[in-house]
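Next comes input.cif, with mmCIF, C-alpha atoms.
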```cif
data_data
loop_
_atom_site.group_PDB
_atom_site.id
_atom_site.type_symbol
_atom_site.label_atom_id
_atom_site.label_comp_id
_atom_site.auth_asym_id
_atom_site.auth_seq_id
_atom_site.Cartn_x
_atom_site.Cartn_y
_atom_site.Cartn_z
ATOM 1 C CA MET A 1 0.000 0.000 0.000
ATOM 2 C CA ALA A 2 1.324 3.353 -0.965
ATOM 3 C CA ALA A 3 1.501 6.055 1.648
ATOM 4 C CA LEU A 4 -0.559 9.115 0.784
ATOM 5 C CA SER A 5 -0.823 12.635 2.151
ATOM 6 C CA ALA A 6 -4.100 14.076 3.421
ATOM 7 C CA ILE A 7 -5.135 17.626 4.148
ATOM 8 C CA LEU A 8 -7.607 17.882 6.964
ATOM 9 C CA LEU A 9 -9.443 20.832 8.374
ATOM 10 C CA THR A 10 -8.966 21.261 12.102
ATOM 11 C CA GLY A 11 -9.874 24.884 12.468
ATOM 12 C CA SER A 12 -10.989 27.632 10.152
ATOM 13 C CA CYS A 13 -11.813 27.439 6.477
ATOM 14 C CA LYS A 14 -8.713 29.299 5.406
ATOM 15 C CA SER A 15 -6.178 27.057 7.144
ATOM 16 C CA LYS A 16 -5.204 23.685 5.804
ATOM 17 C CA GLU A 17 -2.905 21.326 7.625
ATOM 18 C CA GLN A 18 -0.630 19.060 5.611
ATOM 19 C CA THR A 19 -0.148 15.688 7.237
ATOM 20 C CA THR A 20 2.124 12.911 6.224
ATOM 21 C CA VAL A 21 0.484 9.549 5.968
ATOM 22 C CA ARG A 22 2.591 6.623 7.069
ATOM 23 C CA PRO A 23 1.850 2.945 7.650
ATOM 24 C CA THR A 24 -0.021 2.218 10.836
ATOM 25 C CA GLU A 25 1.117 -0.353 13.327
ATOM 26 C CA THR A 26 -0.660 -3.679 13.371
ATOM 27 C CA THR A 27 -4.176 -3.079 14.580
ATOM 28 C CA THR A 28 -6.852 -5.232 16.065
ATOM 29 C CA SER A 29 -10.430 -4.403 15.247
ATOM 30 C CA ALA A 30 -13.817 -5.335 16.585
ATOM 31 C CA THR A 31 -15.484 -8.256 14.878
ATOM 32 C CA THR A 32 -18.799 -8.341 13.073
ATOM 33 C CA THR A 33 -20.726 -11.277 11.732
ATOM 34 C CA ALA A 34 -20.277 -11.927 8.025
ATOM 35 C CA THR A 35 -24.009 -11.900 7.352
ATOM 36 C CA GLU A 36 -24.647 -8.520 8.962
ATOM 37 C CA GLY A 37 -21.584 -6.663 7.793
ATOM 38 C CA PRO A 38 -20.093 -3.743 9.667
ATOM 39 C CA ALA A 39 -22.327 -1.093 11.203
ATOM 40 C CA ILE A 40 -21.622 2.623 11.148
ATOM 41 C CA LEU A 41 -20.309 3.903 14.471
ATOM 42 C CA ALA A 42 -19.661 7.549 13.576
ATOM 43 C CA THR A 43 -19.241 9.963 10.687
ATOM 44 C CA ILE A 44 -17.707 13.371 10.178
ATOM 45 C CA GLU A 45 -18.373 15.559 7.165
ATOM 46 C CA ARG A 46 -16.831 18.933 6.363
ATOM 47 C CA THR A 47 -18.885 21.031 3.955
ATOM 48 C CA SER A 48 -18.092 23.693 1.396
ATOM 49 C CA CYS A 49 -17.810 27.434 1.722
ATOM 50 C CA PHE A 50 -17.313 30.174 -0.866
ATOM 51 C CA GLY A 51 -13.554 29.795 -0.381
ATOM 52 C CA SER A 52 -11.234 26.806 -0.410
ATOM 53 C CA CYS A 53 -12.551 24.850 2.568
ATOM 54 C CA PRO A 54 -11.654 21.151 2.552
ATOM 55 C CA ILE A 55 -14.696 19.063 1.645
ATOM 56 C CA TYR A 56 -14.734 15.435 2.759
ATOM 57 C CA LYS A 57 -16.617 12.779 4.681
ATOM 58 C CA ALA A 58 -15.270 9.947 6.801
ATOM 59 C CA THR A 59 -17.310 7.006 8.020
ATOM 60 C CA PHE A 60 -16.064 4.926 10.956
ATOM 61 C CA PHE A 61 -17.434 1.366 11.062
ATOM 62 C CA ASP A 62 -17.668 -0.822 14.169
ATOM 63 C CA ASN A 63 -15.195 -3.327 12.712
ATOM 64 C CA GLY A 64 -12.421 -0.713 12.542
ATOM 65 C CA GLU A 65 -12.775 0.129 8.861
ATOM 66 C CA VAL A 66 -12.769 3.798 7.915
ATOM 67 C CA MET A 67 -14.012 5.046 4.554
ATOM 68 C CA TYR A 68 -12.838 8.493 3.504
ATOM 69 C CA VAL A 69 -14.279 10.375 0.529
ATOM 70 C CA GLY A 70 -12.374 13.514 -0.445
ATOM 71 C CA ARG A 71 -14.274 15.883 -2.699
ATOM 72 C CA ASN A 72 -12.454 19.188 -2.982
ATOM 73 C CA PHE A 73 -9.553 21.168 -1.508
ATOM 74 C CA VAL A 74 -7.954 18.027 -0.041
ATOM 75 C CA THR A 75 -4.945 16.089 -1.245
ATOM 76 C CA ASN A 76 -6.803 12.782 -1.509
ATOM 77 C CA ILE A 77 -9.665 13.176 -3.980
ATOM 78 C CA GLY A 78 -11.717 10.025 -4.314
ATOM 79 C CA THR A 79 -12.630 7.140 -2.029
ATOM 80 C CA TYR A 80 -10.081 5.586 0.356
ATOM 81 C CA THR A 81 -10.118 3.065 3.190
ATOM 82 C CA THR A 82 -7.973 2.292 6.207
ATOM 83 C CA LEU A 83 -8.293 0.538 9.565
ATOM 84 C CA ILE A 84 -8.248 1.856 13.110
ATOM 85 C CA SER A 85 -7.660 -0.202 16.232
ATOM 86 C CA ALA A 86 -10.214 -1.545 18.706
ATOM 87 C CA GLU A 87 -8.802 0.946 21.219
ATOM 88 C CA GLU A 88 -9.438 3.820 18.815
ATOM 89 C CA LEU A 89 -12.991 2.562 18.242
ATOM 90 C CA GLN A 90 -13.534 2.479 21.987
ATOM 91 C CA GLY A 91 -12.117 6.000 22.177
ATOM 92 C CA ILE A 92 -14.848 7.206 19.806
ATOM 93 C CA ARG A 93 -17.527 5.522 21.941
ATOM 94 C CA THR A 94 -16.109 6.891 25.179
ATOM 95 C CA MET A 95 -15.762 10.408 23.844
ATOM 96 C CA ALA A 96 -19.330 10.383 22.459
ATOM 97 C CA GLU A 97 -20.597 9.276 25.887
ATOM 98 C CA ASP A 98 -18.465 11.858 27.722
ATOM 99 C CA VAL A 99 -19.731 14.629 25.430
ATOM 100 C CA GLY A 100 -23.335 13.556 26.005
ATOM 101 C CA TYR A 101 -23.691 13.353 22.234
ATOM 102 C CA PHE A 102 -27.296 12.127 22.285
ATOM 103 C CA LEU A 103 -28.297 15.091 24.489
ATOM 104 C CA LEU A 104 -26.807 17.748 22.178
ATOM 105 C CA GLU A 105 -28.974 19.988 20.031
ATOM 106 C CA ASP A 106 -29.512 18.695 16.478
ATOM 107 C CA ALA A 107 -28.033 21.876 15.015
ATOM 108 C CA TYR A 108 -25.932 24.847 15.992
ATOM 109 C CA PRO A 109 -26.773 26.984 12.950
ATOM 110 C CA THR A 110 -25.123 30.074 11.588
ATOM 111 C CA PRO A 111 -26.782 32.843 9.578
ATOM 112 C CA ILE A 112 -23.599 33.170 7.499
ATOM 113 C CA SER A 113 -24.085 31.255 4.257
ATOM 114 C CA ASP A 114 -20.326 31.176 3.499
ATOM 115 C CA PHE A 115 -19.468 29.478 6.786
ATOM 116 C CA PRO A 116 -18.338 25.830 6.439
ATOM 117 C CA LYS A 117 -20.256 23.298 8.493
ATOM 118 C CA CYS A 118 -19.257 20.138 10.250
ATOM 119 C CA ILE A 119 -21.821 17.362 10.422
ATOM 120 C CA THR A 120 -21.177 14.477 12.776
ATOM 121 C CA SER A 121 -23.237 11.416 13.522
ATOM 122 C CA VAL A 122 -22.990 8.655 16.097
ATOM 123 C CA GLN A 123 -24.793 5.300 16.244
ATOM 124 C CA MET A 124 -24.497 3.389 19.514
ATOM 125 C CA ASP A 125 -26.684 1.173 21.673
ATOM 126 C CA GLY A 126 -29.560 1.303 19.197
ATOM 127 C CA LYS A 127 -29.562 5.113 19.089
ATOM 128 C CA LYS A 128 -28.684 7.345 16.118
ATOM 129 C CA LYS A 129 -28.069 11.068 16.100
ATOM 130 C CA SER A 130 -26.601 13.684 13.782
ATOM 131 C CA VAL A 131 -25.439 17.140 14.781
ATOM 132 C CA LEU A 132 -24.800 20.046 12.427
ATOM 133 C CA ASN A 133 -22.193 22.471 13.726
ATOM 134 C CA GLY A 134 -22.392 25.766 11.886
ATOM 135 C CA GLU A 135 -21.209 28.000 14.667
ATOM 136 C CA ASN A 136 -21.195 28.355 18.464
ATOM 137 C CA ALA A 137 -21.299 24.635 19.235
ATOM 138 C CA PRO A 138 -20.309 23.430 22.696
ATOM 139 C CA ARG A 139 -16.591 23.002 23.236
ATOM 140 C CA ASP A 140 -17.047 19.251 23.841
ATOM 141 C CA LEU A 141 -18.630 18.776 20.391
ATOM 142 C CA ILE A 142 -15.727 20.612 18.776
ATOM 143 C CA GLY A 143 -13.394 18.311 20.737
ATOM 144 C CA LEU A 144 -15.172 15.250 19.318
ATOM 145 C CA GLU A 145 -14.884 16.683 15.791
ATOM 146 C CA ARG A 146 -11.148 17.215 16.278
ATOM 147 C CA HIS A 147 -10.783 13.709 17.680
ATOM 148 C CA LEU A 148 -12.468 12.181 14.620
ATOM 149 C CA ASP A 149 -10.346 14.350 12.300
ATOM 150 C CA GLY A 150 -7.245 13.270 14.215
ATOM 151 C CA LEU A 151 -8.032 9.612 13.583
ATOM 152 C CA LEU A 152 -7.734 10.325 9.848
ATOM 153 C CA LYS A 153 -4.167 11.569 10.098
ATOM 154 C CA GLU A 154 -1.026 9.538 9.568
ATOM 155 C CA ARG A 155 -2.768 6.473 8.185
ATOM 156 C CA GLU A 156 -1.958 4.189 5.340
ATOM 157 C CA TRP A 157 -4.852 4.852 2.964
ATOM 158 C CA VAL A 158 -5.829 2.497 0.163
ATOM 159 C CA LYS A 159 -7.523 4.136 -2.806
ATOM 160 C CA VAL A 160 -10.736 2.326 -3.661
ATOM 161 C CA SER A 161 -11.878 4.525 -6.536
ATOM 162 C CA ASP A 162 -11.832 7.974 -8.065
ATOM 163 C CA VAL A 163 -15.455 8.467 -7.016
ATOM 164 C CA SER A 164 -15.715 11.504 -4.770
ATOM 165 C CA ARG A 165 -19.429 11.674 -4.062
ATOM 166 C CA TYR A 166 -21.184 10.368 -0.999
#
```
Show this structure as structure tokens.
Amino acid sequence: MAALSAILLTGSCKSKEQTTVRPTETTTSATTTATEGPAILATIERTSCFGSCPIYKATFFDNGEVMYVGRNFVTNIGTYTTLISAEELQGIRTMAEDVGYFLLEDAYPTPISDFPKCITSVQMDGKKKSVLNGENAPRDLIGLERHLDGLLKEREWVKVSDVSRY
């Protein structure tokens, strides 16, 4: 697998952070039955603005698989996959619980149409929730967004296709 570079948004629309992707250590992942397939645990999506905001979506599955779709203003355009460890999966669950994700508002809107948005979702214990962060979200939600973004950095990504829609 070839190492690839990814640009991820961790702050404002105007700043892009270049990260070097390198092979991950051997990971163990949660298991799922072959007939059911993996379930979605969490997603993070960064939306467009009138500038050059990175546009991408990452889906974290309960078996450790991560699917990344880069659309625009990112190094990796297209669909990619990687794996995260069971410990990293548990970290997502723990952080979502600590944040009180299922008690958050559904949206923290902004009246500014040019402002990029971050949409997260979590599915745990039979519950599903999505939160749109336009502006003025609680600090804990922003921390969860940064945590999910951080899990995308320094990974060995495998390109699945050139398709960049989700």
For CA of Glu36 in chain A and CA of Leu103 in chain A, the interatomic separation in Å (one decimal): 28.5 Å
A:Asp149, A:Asp162, A:Glu154, A:Asp114: which is nearest Thr47 in chain A, counting all atoms listed in the file?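 Result for the nearest residue to Thr47 in chain A: A:Asp114.
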Please expand the PyMOL selection byres ((chain A and resi 152) around 9) into the concrete residues it hits in this file, giving the result as JSON, numbers by chain. {"A": [6, 8, 58, 66, 68, 82, 148, 149, 150, 151, 153, 154, 155]}
For the structure shown, which residues end up in the PyMOL selection byres ((chain A and resi 84) around 6)? Put them as a PyMOL selection string, please? chain A and resi 64+83+85
Which residues are near Pro54 in chain A? Cut-off 6 Å, all atoms listed in the file, ignore same chain within fewer than 6 positions. Put them as a list of chain:residue names.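 Listing them by chain and then by number gives A:Asn72, A:Phe73, A:Val74.
The environment of Val69 in chain A within 9 Å, counting all atoms listed in the file and disregarding residues fewer than 5 places along the same chain, consists of Ile55, Tyr56, Lys57, Ala58, Thr59, Asn76, Ile77, Gly78, Thr79, Tyr80, Thr81, Val163, Ser164, Arg165 and Tyr166 of chain A.
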Rank A:Glu65, A:Glu135, A:Asp125, A:Glu156 by their smallest atom-to-atom distance to Ala96 in chain A, using all atoms listed in the file, and report the top residue only.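 Among A:Glu65, A:Glu135, A:Asp125, A:Glu156, it is A:Asp125 that comes nearest to Ala96 in chain A.
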Residue among A:Ala86, A:Ile119, A:Leu132, A:Ile92 lying closest to Asp106 in chain A, counting all atoms listed in the file: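 Closest to Asp106 in chain A, using all atoms listed in the file: A:Leu132.
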Excluding Phe50 in chain A and any residue of its chain fewer than 2 positions from it, enumerate the residues within 10 Å of it, using all atoms listed in the file, and give them as JSON, numbers by chain. {"A": [13, 48, 52, 53, 113, 114, 115, 116]}
What's the 9 Å shell around Leu104 in chain A, counting all atoms listed in the file, without same-chain residues fewer than 2 positions away, as a ChimeraX atom specification? /A:99-102,106-107,131,138,141
Residue with smallest distance to Cys118 in chain A - pool A:Gly91, A:Gly134, A:Gly37, A:Gly143, counting all atoms listed in the file: A:Gly134
One decimal, in Å: what's the spacing between CA of Ser130 in chain A and CA of Cys49 in chain A?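 Straight-line distance from CA of Ser130 in chain A to CA of Cys49 in chain A works out to 20.3 Å.
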Can you work out which one of A:Ala137, A:Thr110, A:Gly70, A:Gly51 has the shortest atom-to-atom distance to Ser161 in chain A, counting only C-alpha atoms? A:Gly70
Pairwise distance for CA of Trp157 in chain A and CA of Met124 in chain A, rounded to one decimal in Å: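 That distance, rounded to one decimal, is 25.7 Å.
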Shortest interatomic distance to Leu89 in chain A - which of A:Asp140, A:Glu105, A:Glu145, A:Asp62, counting only C-alpha atoms: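 Checking each of A:Asp140, A:Glu105, A:Glu145, A:Asp62 against Leu89 in chain A, counting only C-alpha atoms, the winner is A:Asp62.
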